[in-house]
$ cat my_file.cif   # mmCIF, N, CA and C atoms
data_structure
#
loop_
_atom_site.label_atom_id
_atom_site.label_comp_id
_atom_site.auth_asym_id
_atom_site.auth_seq_id
_atom_site.Cartn_x
_atom_site.Cartn_y
_atom_site.Cartn_z
N MET N 1 -3.68 -9.75 -3.17
CA MET N 1 -2.51 -9.62 -4.00
C MET N 1 -1.92 -8.23 -3.84
N LEU N 2 -0.62 -8.17 -3.61
CA LEU N 2 0.08 -6.90 -3.47
C LEU N 2 0.64 -6.44 -4.82
N VAL N 3 0.61 -5.12 -5.04
CA VAL N 3 1.21 -4.54 -6.23
C VAL N 3 2.05 -3.32 -5.84
N ARG N 4 2.96 -2.97 -6.74
CA ARG N 4 3.76 -1.75 -6.60
C ARG N 4 3.57 -0.95 -7.88
N LEU N 5 3.24 0.32 -7.73
CA LEU N 5 3.01 1.22 -8.86
C LEU N 5 3.95 2.41 -8.71
N LEU N 6 4.58 2.79 -9.80
CA LEU N 6 5.44 3.97 -9.85
C LEU N 6 4.94 4.87 -10.96
N TYR N 7 4.72 6.13 -10.63
CA TYR N 7 4.30 7.09 -11.65
C TYR N 7 5.10 8.38 -11.49
N ALA N 8 5.07 9.19 -12.51
CA ALA N 8 5.66 10.53 -12.46
C ALA N 8 4.62 11.51 -12.98
N SER N 9 4.73 12.74 -12.51
CA SER N 9 3.85 13.80 -13.00
C SER N 9 4.57 15.13 -12.85
N ARG N 10 3.99 16.13 -13.46
CA ARG N 10 4.49 17.49 -13.32
C ARG N 10 3.47 18.28 -12.51
N THR N 11 3.96 19.26 -11.80
CA THR N 11 3.05 20.08 -11.00
C THR N 11 2.26 21.01 -11.91
N SER N 12 1.03 21.24 -11.53
CA SER N 12 0.21 22.18 -12.29
C SER N 12 0.16 23.54 -11.59
N ASN N 13 0.97 23.70 -10.54
CA ASN N 13 0.93 24.90 -9.74
C ASN N 13 2.35 25.28 -9.35
N GLU N 14 2.59 26.54 -9.13
CA GLU N 14 3.92 27.02 -8.77
C GLU N 14 4.27 26.79 -7.30
N LYS N 15 3.32 26.57 -6.44
CA LYS N 15 3.55 26.46 -5.00
C LYS N 15 3.82 25.02 -4.61
N MET N 16 4.94 24.47 -5.06
CA MET N 16 5.26 23.06 -4.85
C MET N 16 5.31 22.71 -3.36
N CYS N 17 5.88 23.57 -2.55
CA CYS N 17 6.00 23.28 -1.12
C CYS N 17 4.62 23.02 -0.51
N ASP N 18 3.65 23.86 -0.83
CA ASP N 18 2.30 23.69 -0.31
C ASP N 18 1.65 22.42 -0.85
N ILE N 19 1.88 22.13 -2.13
CA ILE N 19 1.29 20.94 -2.74
C ILE N 19 1.87 19.68 -2.11
N VAL N 20 3.18 19.63 -1.94
CA VAL N 20 3.82 18.46 -1.35
C VAL N 20 3.30 18.24 0.07
N GLN N 21 3.24 19.30 0.85
CA GLN N 21 2.75 19.16 2.22
C GLN N 21 1.30 18.65 2.24
N ALA N 22 0.47 19.16 1.36
CA ALA N 22 -0.93 18.71 1.30
C ALA N 22 -1.02 17.25 0.89
N ILE N 23 -0.23 16.83 -0.09
CA ILE N 23 -0.25 15.43 -0.54
C ILE N 23 0.23 14.50 0.56
N VAL N 24 1.32 14.87 1.23
CA VAL N 24 1.85 14.02 2.30
C VAL N 24 0.84 13.92 3.45
N THR N 25 0.27 15.03 3.85
CA THR N 25 -0.73 15.02 4.92
C THR N 25 -1.93 14.17 4.54
N GLN N 26 -2.44 14.37 3.35
CA GLN N 26 -3.59 13.59 2.86
C GLN N 26 -3.24 12.10 2.80
N SER N 27 -2.06 11.78 2.33
CA SER N 27 -1.63 10.38 2.23
C SER N 27 -1.54 9.72 3.59
N ARG N 28 -0.99 10.44 4.55
CA ARG N 28 -0.83 9.87 5.89
C ARG N 28 -2.16 9.67 6.60
N GLN N 29 -3.18 10.40 6.17
CA GLN N 29 -4.51 10.19 6.73
C GLN N 29 -5.25 9.07 6.00
N HIS N 30 -5.11 9.00 4.69
CA HIS N 30 -5.85 8.07 3.84
C HIS N 30 -5.22 6.68 3.80
N ASN N 31 -3.91 6.60 3.65
CA ASN N 31 -3.24 5.36 3.31
C ASN N 31 -3.33 4.25 4.37
N PRO N 32 -3.17 4.55 5.66
CA PRO N 32 -3.20 3.45 6.63
C PRO N 32 -4.49 2.63 6.59
N GLN N 33 -5.62 3.29 6.47
CA GLN N 33 -6.89 2.56 6.47
C GLN N 33 -7.13 1.78 5.19
N HIS N 34 -6.35 2.09 4.14
CA HIS N 34 -6.47 1.37 2.88
C HIS N 34 -5.29 0.45 2.61
N GLY N 35 -4.37 0.34 3.58
CA GLY N 35 -3.25 -0.57 3.44
C GLY N 35 -2.24 -0.15 2.39
N ILE N 36 -2.11 1.16 2.17
CA ILE N 36 -1.19 1.66 1.14
C ILE N 36 0.05 2.25 1.82
N THR N 37 1.20 1.91 1.28
CA THR N 37 2.47 2.48 1.73
C THR N 37 3.18 3.05 0.51
N GLY N 38 4.20 3.88 0.75
CA GLY N 38 4.91 4.42 -0.40
C GLY N 38 5.82 5.57 -0.09
N ILE N 39 6.32 6.17 -1.16
CA ILE N 39 7.28 7.26 -1.08
C ILE N 39 6.97 8.28 -2.16
N LEU N 40 7.03 9.56 -1.79
CA LEU N 40 6.85 10.67 -2.73
C LEU N 40 8.18 11.40 -2.86
N CYS N 41 8.72 11.44 -4.07
CA CYS N 41 9.93 12.21 -4.36
C CYS N 41 9.51 13.39 -5.23
N HIS N 42 10.20 14.51 -5.07
CA HIS N 42 9.81 15.69 -5.84
C HIS N 42 10.97 16.65 -6.04
N THR N 43 10.82 17.47 -7.06
CA THR N 43 11.67 18.64 -7.26
C THR N 43 10.71 19.82 -7.24
N GLU N 44 11.13 20.94 -7.77
CA GLU N 44 10.22 22.09 -7.84
C GLU N 44 9.21 21.96 -8.99
N GLN N 45 9.43 20.99 -9.89
CA GLN N 45 8.55 20.84 -11.05
C GLN N 45 7.90 19.47 -11.18
N VAL N 46 8.51 18.42 -10.62
CA VAL N 46 8.00 17.07 -10.87
C VAL N 46 7.77 16.28 -9.59
N PHE N 47 6.87 15.32 -9.72
CA PHE N 47 6.61 14.33 -8.68
C PHE N 47 7.03 12.98 -9.23
N MET N 48 7.44 12.11 -8.32
CA MET N 48 7.64 10.70 -8.62
C MET N 48 7.16 9.98 -7.37
N GLN N 49 6.22 9.08 -7.53
CA GLN N 49 5.65 8.44 -6.35
C GLN N 49 5.53 6.94 -6.56
N VAL N 50 5.86 6.20 -5.50
CA VAL N 50 5.67 4.75 -5.46
C VAL N 50 4.53 4.47 -4.50
N LEU N 51 3.59 3.65 -4.94
CA LEU N 51 2.48 3.21 -4.10
C LEU N 51 2.53 1.69 -4.02
N GLU N 52 2.34 1.16 -2.82
CA GLU N 52 2.28 -0.29 -2.63
C GLU N 52 1.02 -0.62 -1.84
N GLY N 53 0.44 -1.76 -2.14
CA GLY N 53 -0.72 -2.21 -1.39
C GLY N 53 -1.52 -3.20 -2.20
N GLY N 54 -2.74 -3.44 -1.74
CA GLY N 54 -3.63 -4.32 -2.48
C GLY N 54 -3.93 -3.73 -3.85
N ARG N 55 -4.11 -4.60 -4.83
CA ARG N 55 -4.32 -4.14 -6.21
C ARG N 55 -5.49 -3.17 -6.33
N ASP N 56 -6.62 -3.50 -5.73
CA ASP N 56 -7.79 -2.63 -5.86
C ASP N 56 -7.54 -1.26 -5.23
N ALA N 57 -6.96 -1.24 -4.03
CA ALA N 57 -6.72 0.03 -3.33
C ALA N 57 -5.73 0.90 -4.10
N VAL N 58 -4.66 0.31 -4.61
CA VAL N 58 -3.65 1.07 -5.37
C VAL N 58 -4.26 1.59 -6.68
N ASN N 59 -5.04 0.75 -7.36
CA ASN N 59 -5.65 1.18 -8.62
C ASN N 59 -6.63 2.32 -8.40
N VAL N 60 -7.43 2.25 -7.34
CA VAL N 60 -8.38 3.32 -7.04
C VAL N 60 -7.63 4.62 -6.75
N LEU N 61 -6.57 4.54 -5.94
CA LEU N 61 -5.80 5.74 -5.61
C LEU N 61 -5.14 6.32 -6.86
N TYR N 62 -4.59 5.47 -7.71
CA TYR N 62 -3.97 5.97 -8.94
C TYR N 62 -5.02 6.66 -9.83
N GLY N 63 -6.22 6.12 -9.89
CA GLY N 63 -7.30 6.78 -10.63
C GLY N 63 -7.60 8.16 -10.09
N GLN N 64 -7.55 8.31 -8.76
CA GLN N 64 -7.77 9.62 -8.16
C GLN N 64 -6.64 10.59 -8.51
N ILE N 65 -5.43 10.08 -8.53
CA ILE N 65 -4.27 10.91 -8.89
C ILE N 65 -4.40 11.40 -10.33
N LEU N 66 -4.85 10.53 -11.23
CA LEU N 66 -5.03 10.93 -12.63
C LEU N 66 -6.01 12.09 -12.77
N ARG N 67 -6.97 12.17 -11.87
CA ARG N 67 -7.98 13.25 -11.93
C ARG N 67 -7.63 14.44 -11.04
N ASP N 68 -6.57 14.35 -10.27
CA ASP N 68 -6.18 15.39 -9.32
C ASP N 68 -5.62 16.59 -10.08
N PRO N 69 -6.19 17.77 -9.90
CA PRO N 69 -5.73 18.95 -10.64
C PRO N 69 -4.33 19.43 -10.25
N ARG N 70 -3.77 18.89 -9.19
CA ARG N 70 -2.39 19.26 -8.81
C ARG N 70 -1.36 18.58 -9.70
N HIS N 71 -1.79 17.56 -10.45
CA HIS N 71 -0.88 16.80 -11.31
C HIS N 71 -1.24 17.03 -12.78
N ARG N 72 -0.21 17.05 -13.62
CA ARG N 72 -0.42 17.02 -15.07
C ARG N 72 0.67 16.14 -15.66
N ASP N 73 0.48 15.70 -16.89
CA ASP N 73 1.46 14.83 -17.55
C ASP N 73 1.78 13.59 -16.71
N VAL N 74 0.74 12.96 -16.16
CA VAL N 74 0.94 11.76 -15.35
C VAL N 74 1.32 10.60 -16.26
N VAL N 75 2.41 9.90 -15.90
CA VAL N 75 2.92 8.78 -16.69
C VAL N 75 3.14 7.59 -15.76
N LEU N 76 2.58 6.45 -16.12
CA LEU N 76 2.81 5.21 -15.39
C LEU N 76 4.17 4.66 -15.83
N LEU N 77 5.09 4.51 -14.87
CA LEU N 77 6.45 4.08 -15.19
C LEU N 77 6.71 2.61 -14.86
N ASP N 78 5.99 2.08 -13.88
CA ASP N 78 6.19 0.68 -13.50
C ASP N 78 4.97 0.22 -12.71
N TYR N 79 4.56 -1.02 -12.96
CA TYR N 79 3.45 -1.62 -12.24
C TYR N 79 3.72 -3.12 -12.20
N GLU N 80 3.76 -3.68 -10.99
CA GLU N 80 4.05 -5.09 -10.89
C GLU N 80 3.43 -5.71 -9.66
N GLU N 81 3.14 -7.00 -9.77
CA GLU N 81 2.73 -7.78 -8.61
C GLU N 81 3.99 -8.03 -7.79
N ILE N 82 3.87 -7.97 -6.47
CA ILE N 82 5.03 -8.15 -5.60
C ILE N 82 4.73 -9.19 -4.52
N ALA N 83 5.77 -9.84 -4.06
CA ALA N 83 5.63 -10.83 -3.00
C ALA N 83 5.65 -10.17 -1.63
N GLU N 84 6.35 -9.03 -1.54
CA GLU N 84 6.41 -8.30 -0.28
C GLU N 84 6.64 -6.82 -0.57
N ARG N 85 6.29 -6.01 0.41
CA ARG N 85 6.47 -4.56 0.28
C ARG N 85 7.93 -4.18 0.48
N ARG N 86 8.34 -3.18 -0.23
CA ARG N 86 9.67 -2.60 -0.06
C ARG N 86 9.61 -1.40 0.89
N TYR N 87 8.45 -0.75 0.95
CA TYR N 87 8.32 0.51 1.69
C TYR N 87 7.26 0.40 2.79
N SER N 88 7.24 -0.72 3.49
CA SER N 88 6.20 -0.98 4.47
C SER N 88 6.27 -0.04 5.68
N GLY N 89 7.41 0.59 5.91
CA GLY N 89 7.55 1.48 7.05
C GLY N 89 7.02 2.88 6.83
N TRP N 90 6.55 3.19 5.63
CA TRP N 90 6.09 4.54 5.34
C TRP N 90 4.64 4.56 4.89
N THR N 91 3.80 5.32 5.60
CA THR N 91 2.48 5.59 5.05
C THR N 91 2.65 6.53 3.86
N MET N 92 3.67 7.39 3.93
CA MET N 92 4.12 8.15 2.78
C MET N 92 5.43 8.83 3.14
N GLY N 93 6.54 8.20 2.74
CA GLY N 93 7.85 8.81 2.92
C GLY N 93 8.00 9.96 1.93
N GLN N 94 9.00 10.78 2.16
CA GLN N 94 9.16 11.96 1.31
C GLN N 94 10.64 12.24 1.08
N ALA N 95 10.99 12.62 -0.14
CA ALA N 95 12.36 13.01 -0.47
C ALA N 95 12.32 14.21 -1.41
N ASN N 96 12.96 15.29 -0.99
CA ASN N 96 13.12 16.45 -1.85
C ASN N 96 14.36 16.23 -2.70
N MET N 97 14.15 15.91 -3.96
CA MET N 97 15.26 15.56 -4.84
C MET N 97 16.16 16.75 -5.15
N GLY N 98 15.68 17.96 -4.90
CA GLY N 98 16.51 19.14 -5.08
C GLY N 98 17.61 19.22 -4.04
N LYS N 99 17.50 18.44 -2.96
CA LYS N 99 18.49 18.47 -1.89
C LYS N 99 19.38 17.22 -1.89
N ILE N 100 19.22 16.38 -2.89
CA ILE N 100 19.99 15.15 -2.98
C ILE N 100 21.33 15.44 -3.67
N ASN N 101 22.38 14.79 -3.21
CA ASN N 101 23.69 14.93 -3.83
C ASN N 101 23.58 14.59 -5.32
N PRO N 102 23.97 15.49 -6.21
CA PRO N 102 23.87 15.23 -7.65
C PRO N 102 24.59 13.97 -8.11
N SER N 103 25.61 13.55 -7.39
CA SER N 103 26.33 12.34 -7.80
C SER N 103 25.45 11.10 -7.68
N ILE N 104 24.52 11.10 -6.76
CA ILE N 104 23.58 9.98 -6.65
C ILE N 104 22.69 9.94 -7.89
N LEU N 105 22.18 11.09 -8.30
CA LEU N 105 21.34 11.14 -9.50
C LEU N 105 22.11 10.72 -10.74
N LEU N 106 23.38 11.09 -10.83
CA LEU N 106 24.18 10.75 -12.01
C LEU N 106 24.38 9.24 -12.17
N LYS N 107 24.25 8.50 -11.09
CA LYS N 107 24.37 7.04 -11.20
C LYS N 107 23.23 6.46 -12.03
N TYR N 108 22.07 7.14 -12.04
CA TYR N 108 20.86 6.59 -12.64
C TYR N 108 20.30 7.43 -13.79
N SER N 109 20.88 8.60 -14.01
CA SER N 109 20.31 9.55 -14.96
C SER N 109 21.40 10.16 -15.83
N PRO N 110 21.06 10.55 -17.07
CA PRO N 110 22.06 11.19 -17.93
C PRO N 110 22.53 12.54 -17.40
N LEU N 111 21.70 13.21 -16.61
CA LEU N 111 22.03 14.52 -16.06
C LEU N 111 21.86 14.48 -14.53
N PRO N 112 22.53 15.37 -13.80
CA PRO N 112 22.42 15.36 -12.34
C PRO N 112 21.14 16.04 -11.84
N GLU N 113 20.03 15.75 -12.49
CA GLU N 113 18.74 16.29 -12.07
C GLU N 113 17.67 15.24 -12.31
N LEU N 114 16.63 15.29 -11.53
CA LEU N 114 15.57 14.30 -11.65
C LEU N 114 14.63 14.68 -12.79
N ASP N 115 14.52 13.81 -13.76
CA ASP N 115 13.55 13.95 -14.84
C ASP N 115 12.94 12.57 -15.09
N PRO N 116 12.00 12.16 -14.22
CA PRO N 116 11.47 10.79 -14.32
C PRO N 116 10.74 10.50 -15.62
N HIS N 117 10.31 11.53 -16.33
CA HIS N 117 9.65 11.32 -17.62
C HIS N 117 10.62 10.80 -18.68
N ARG N 118 11.92 10.91 -18.42
CA ARG N 118 12.94 10.47 -19.37
C ARG N 118 13.78 9.30 -18.82
N MET N 119 13.29 8.68 -17.75
CA MET N 119 14.03 7.58 -17.12
C MET N 119 13.15 6.33 -17.06
N SER N 120 13.78 5.18 -16.97
CA SER N 120 13.00 3.94 -16.86
C SER N 120 12.51 3.76 -15.43
N GLY N 121 11.41 3.05 -15.31
CA GLY N 121 10.85 2.76 -14.00
C GLY N 121 11.82 1.98 -13.13
N LYS N 122 12.51 1.00 -13.72
CA LYS N 122 13.45 0.18 -12.95
C LYS N 122 14.62 1.02 -12.43
N MET N 123 15.10 1.94 -13.24
CA MET N 123 16.18 2.81 -12.78
C MET N 123 15.71 3.72 -11.64
N LEU N 124 14.49 4.21 -11.75
CA LEU N 124 13.96 5.07 -10.70
C LEU N 124 13.75 4.30 -9.40
N LEU N 125 13.31 3.05 -9.49
CA LEU N 125 13.17 2.24 -8.28
C LEU N 125 14.54 1.98 -7.65
N SER N 126 15.58 1.79 -8.47
CA SER N 126 16.93 1.63 -7.95
C SER N 126 17.40 2.91 -7.26
N LEU N 127 17.07 4.05 -7.84
CA LEU N 127 17.41 5.34 -7.23
C LEU N 127 16.73 5.46 -5.87
N ILE N 128 15.46 5.11 -5.79
CA ILE N 128 14.73 5.20 -4.52
C ILE N 128 15.35 4.26 -3.49
N ASP N 129 15.76 3.06 -3.92
CA ASP N 129 16.44 2.13 -3.00
C ASP N 129 17.72 2.77 -2.44
N GLU N 130 18.46 3.46 -3.30
CA GLU N 130 19.67 4.12 -2.81
C GLU N 130 19.33 5.25 -1.85
N LEU N 131 18.27 5.98 -2.13
CA LEU N 131 17.86 7.04 -1.21
C LEU N 131 17.50 6.46 0.16
N MET N 132 16.86 5.29 0.17
CA MET N 132 16.55 4.63 1.43
C MET N 132 17.84 4.25 2.16
N ALA N 133 18.80 3.70 1.42
CA ALA N 133 20.05 3.25 2.02
C ALA N 133 20.87 4.40 2.58
N THR N 134 20.74 5.58 2.00
CA THR N 134 21.49 6.74 2.47
C THR N 134 20.67 7.63 3.39
N ALA N 135 19.52 7.14 3.82
CA ALA N 135 18.65 7.86 4.77
C ALA N 135 18.22 9.22 4.22
N SER N 136 17.98 9.29 2.93
CA SER N 136 17.55 10.56 2.32
C SER N 136 16.03 10.72 2.33
N ILE N 137 15.32 9.68 2.76
CA ILE N 137 13.87 9.73 2.79
C ILE N 137 13.42 9.99 4.22
N VAL N 138 12.52 10.96 4.37
CA VAL N 138 12.04 11.34 5.70
C VAL N 138 10.58 10.95 5.85
N GLY N 139 10.12 11.01 7.08
CA GLY N 139 8.69 10.81 7.32
C GLY N 139 8.30 9.38 7.60
N ARG N 140 9.20 8.59 8.14
CA ARG N 140 8.87 7.20 8.47
C ARG N 140 7.80 7.20 9.55
N THR N 141 6.68 6.53 9.27
CA THR N 141 5.60 6.46 10.26
C THR N 141 5.04 5.07 10.32
#
$ encode --input "my_file.cif" --output "structure tokens"
Amino acid sequence: MLVRLLYASRTSNEKMCDIVQAIVTQSRQHNPQHGITGILCHTEQVFMQVLEGGRDAVNVLYGQILRDPRHRDVVLLDYEEIAERRYSGWTMGQANMGKINPSILLKYSPLPELDPHRMSGKMLLSLIDELMATASIVGRT
């Protein structure tokens, strides 16, 4: 059974660039052997990540994220069984939301900045779909 999980968290460290690079590198090494695909979006303060794969593998990975000291204020925003993957082309795609046109964010958010802790999971998934359509996500592998 396939599932899709969306969560948000805040960084526990000031060196976001280093944290993002470490997470993406770790994901690209770990995820293929566990059948996990997804996308990591971030600003200088927050993460928003979608994970797709088998229920057990996604749940185990999410449990590890909850214990990861790089994350704080982890919030589960959406979790659902899916018939097919939306992000099958990415072992871990990446989008720096600080570089996204603010008008895209305004379509889904009250302010032109990413604050996933104050947005619905469905709206955030729609935002990620738009980022895919506008080629704003990098790291297709």
$ closest_residue --input "my_file.cif" --among "N:Leu66, N:Ala83, N:Val3, N:Leu114" --to "N:Gly98" --atoms "all atoms listed in the file"
N:Leu114
$ resolve_selection --input "my_file.cif" --expression "the PyMOL selection byres (((chain N and resi 35-51 and name CA) around 6) and name CA)" --output "VMD selection string"
chain N and resid 4 to 11 16 31 to 34 52 to 53 87 to 88 90 to 98
$ select_by_dssp --input "my_file.cif" --residues "chain N" --states "strand (DSSP E)" --output "tab-separated table (two decimals) with N, CA and C atoms, in the frame of the given file"
chain	number	residue	atom	x	y	z
N	2	LEU	N	-0.62	-8.17	-3.61
N	2	LEU	CA	0.08	-6.90	-3.47
N	2	LEU	C	0.64	-6.44	-4.82
N	3	VAL	N	0.61	-5.12	-5.04
N	3	VAL	CA	1.21	-4.54	-6.23
N	3	VAL	C	2.05	-3.32	-5.84
N	4	ARG	N	2.96	-2.97	-6.74
N	4	ARG	CA	3.76	-1.75	-6.60
N	4	ARG	C	3.57	-0.95	-7.88
N	5	LEU	N	3.24	0.32	-7.73
N	5	LEU	CA	3.01	1.22	-8.86
N	5	LEU	C	3.95	2.41	-8.71
N	6	LEU	N	4.58	2.79	-9.80
N	6	LEU	CA	5.44	3.97	-9.85
N	6	LEU	C	4.94	4.87	-10.96
N	7	TYR	N	4.72	6.13	-10.63
N	7	TYR	CA	4.30	7.09	-11.65
N	7	TYR	C	5.10	8.38	-11.49
N	8	ALA	N	5.07	9.19	-12.51
N	8	ALA	CA	5.66	10.53	-12.46
N	8	ALA	C	4.62	11.51	-12.98
N	9	SER	N	4.73	12.74	-12.51
N	9	SER	CA	3.85	13.80	-13.00
N	9	SER	C	4.57	15.13	-12.85
N	10	ARG	N	3.99	16.13	-13.46
N	10	ARG	CA	4.49	17.49	-13.32
N	10	ARG	C	3.47	18.28	-12.51
N	11	THR	N	3.96	19.26	-11.80
N	11	THR	CA	3.05	20.08	-11.00
N	11	THR	C	2.26	21.01	-11.91
N	37	THR	N	1.20	1.91	1.28
N	37	THR	CA	2.47	2.48	1.73
N	37	THR	C	3.18	3.05	0.51
N	38	GLY	N	4.20	3.88	0.75
N	38	GLY	CA	4.91	4.42	-0.40
N	38	GLY	C	5.82	5.57	-0.09
N	39	ILE	N	6.32	6.17	-1.16
N	39	ILE	CA	7.28	7.26	-1.08
N	39	ILE	C	6.97	8.28	-2.16
N	40	LEU	N	7.03	9.56	-1.79
N	40	LEU	CA	6.85	10.67	-2.73
N	40	LEU	C	8.18	11.40	-2.86
N	41	CYS	N	8.72	11.44	-4.07
N	41	CYS	CA	9.93	12.21	-4.36
N	41	CYS	C	9.51	13.39	-5.23
N	42	HIS	N	10.20	14.51	-5.07
N	42	HIS	CA	9.81	15.69	-5.84
N	42	HIS	C	10.97	16.65	-6.04
N	46	VAL	N	8.51	18.42	-10.62
N	46	VAL	CA	8.00	17.07	-10.87
N	46	VAL	C	7.77	16.28	-9.59
N	47	PHE	N	6.87	15.32	-9.72
N	47	PHE	CA	6.61	14.33	-8.68
N	47	PHE	C	7.03	12.98	-9.23
N	48	MET	N	7.44	12.11	-8.32
N	48	MET	CA	7.64	10.70	-8.62
N	48	MET	C	7.16	9.98	-7.37
N	49	GLN	N	6.22	9.08	-7.53
N	49	GLN	CA	5.65	8.44	-6.35
N	49	GLN	C	5.53	6.94	-6.56
N	50	VAL	N	5.86	6.20	-5.50
N	50	VAL	CA	5.67	4.75	-5.46
N	50	VAL	C	4.53	4.47	-4.50
N	51	LEU	N	3.59	3.65	-4.94
N	51	LEU	CA	2.48	3.21	-4.10
N	51	LEU	C	2.53	1.69	-4.02
N	52	GLU	N	2.34	1.16	-2.82
N	52	GLU	CA	2.28	-0.29	-2.63
N	52	GLU	C	1.02	-0.62	-1.84
N	53	GLY	N	0.44	-1.76	-2.14
N	53	GLY	CA	-0.72	-2.21	-1.39
N	53	GLY	C	-1.52	-3.20	-2.20
N	54	GLY	N	-2.74	-3.44	-1.74
N	54	GLY	CA	-3.63	-4.32	-2.48
N	54	GLY	C	-3.93	-3.73	-3.85
N	71	HIS	N	-1.79	17.56	-10.45
N	71	HIS	CA	-0.88	16.80	-11.31
N	71	HIS	C	-1.24	17.03	-12.78
N	72	ARG	N	-0.21	17.05	-13.62
N	72	ARG	CA	-0.42	17.02	-15.07
N	72	ARG	C	0.67	16.14	-15.66
N	73	ASP	N	0.48	15.70	-16.89
N	73	ASP	CA	1.46	14.83	-17.55
N	73	ASP	C	1.78	13.59	-16.71
N	74	VAL	N	0.74	12.96	-16.16
N	74	VAL	CA	0.94	11.76	-15.35
N	74	VAL	C	1.32	10.60	-16.26
N	75	VAL	N	2.41	9.90	-15.90
N	75	VAL	CA	2.92	8.78	-16.69
N	75	VAL	C	3.14	7.59	-15.76
N	76	LEU	N	2.58	6.45	-16.12
N	76	LEU	CA	2.81	5.21	-15.39
N	76	LEU	C	4.17	4.66	-15.83
N	77	LEU	N	5.09	4.51	-14.87
N	77	LEU	CA	6.45	4.08	-15.19
N	77	LEU	C	6.71	2.61	-14.86
N	78	ASP	N	5.99	2.08	-13.88
N	78	ASP	CA	6.19	0.68	-13.50
N	78	ASP	C	4.97	0.22	-12.71
N	79	TYR	N	4.56	-1.02	-12.96
N	79	TYR	CA	3.45	-1.62	-12.24
N	79	TYR	C	3.72	-3.12	-12.20
N	80	GLU	N	3.76	-3.68	-10.99
N	80	GLU	CA	4.05	-5.09	-10.89
N	80	GLU	C	3.43	-5.71	-9.66
N	81	GLU	N	3.14	-7.00	-9.77
N	81	GLU	CA	2.73	-7.78	-8.61
N	81	GLU	C	3.99	-8.03	-7.79
N	82	ILE	N	3.87	-7.97	-6.47
N	82	ILE	CA	5.03	-8.15	-5.60
N	82	ILE	C	4.73	-9.19	-4.52
N	93	GLY	N	6.54	8.20	2.74
N	93	GLY	CA	7.85	8.81	2.92
N	93	GLY	C	8.00	9.96	1.93
N	94	GLN	N	9.00	10.78	2.16
N	94	GLN	CA	9.16	11.96	1.31
N	94	GLN	C	10.64	12.24	1.08
N	95	ALA	N	10.99	12.62	-0.14
N	95	ALA	CA	12.36	13.01	-0.47
N	95	ALA	C	12.32	14.21	-1.41
N	96	ASN	N	12.96	15.29	-0.99
N	96	ASN	CA	13.12	16.45	-1.85
N	96	ASN	C	14.36	16.23	-2.70
$ residues_around --input "my_file.cif" --residues "N:Ile19" --least-positions-apart "6" --cutoff "10 Å" --atoms "only C-alpha atoms" --output "JSON, numbers by chain"
{"N": [11, 12, 13, 25, 70, 71]}
$ closest_residue --input "my_file.cif" --among "N:Cys17, N:Val60, N:Gln26, N:His117" --to "N:Asp73" --atoms "only C-alpha atoms"
N:His117
$ atom_distance --input "my_file.cif" --atom1 "atom C of N:Ile100" --atom2 "atom C of N:Gly121"
19.0 Å
$ atom_distance --input "my_file.cif" --atom1 "atom CA of N:Ala133" --atom2 "atom CA of N:Leu76"
24.6 Å
$ select_by_dssp --input "my_file.cif" --residues "stretch 5-140 of chain N" --states "alpha helix (DSSP H)" --output "MDAnalysis selection string"
chainID N and resid 16:34 55:67 102:108 121:133
$ atom_distance --input "my_file.cif" --atom1 "atom CA of N:Asp115" --atom2 "atom CA of N:Arg28"
25.6 Å
$ closest_residue --input "my_file.cif" --among "N:Leu77, N:Ser126, N:Leu2, N:Arg118" --to "N:Arg55" --atoms "all atoms listed in the file"
N:Leu2
$ resolve_selection --input "my_file.cif" --expression "the PyMOL selection byres (((chain N and resi 130 and name CA) around 12) and name CA)" --output "VMD selection string"
chain N and resid 95 100 to 101 103 to 105 107 to 108 123 to 129 131 to 137
$ axis_aligned_box --input "my_file.cif" --around "stretch 16-26 of chain N" --padding-each-side "8 Å" --output "lines of an AutoDock Vina configuration file"
center_x = 1.2
center_y = 18.3
center_z = -0.1
size_x = 25.6
size_y = 28.4
size_z = 26.0
$ closest_residue --input "my_file.cif" --among "N:Leu106, N:Leu61, N:Met119, N:Val75" --to "N:Ser27" --atoms "only C-alpha atoms"
N:Leu61
$ closest_residue --input "my_file.cif" --among "N:Gln64, N:Ser120, N:Gly54, N:Pro69" --to "N:Ile82" --atoms "only C-alpha atoms"
N:Gly54
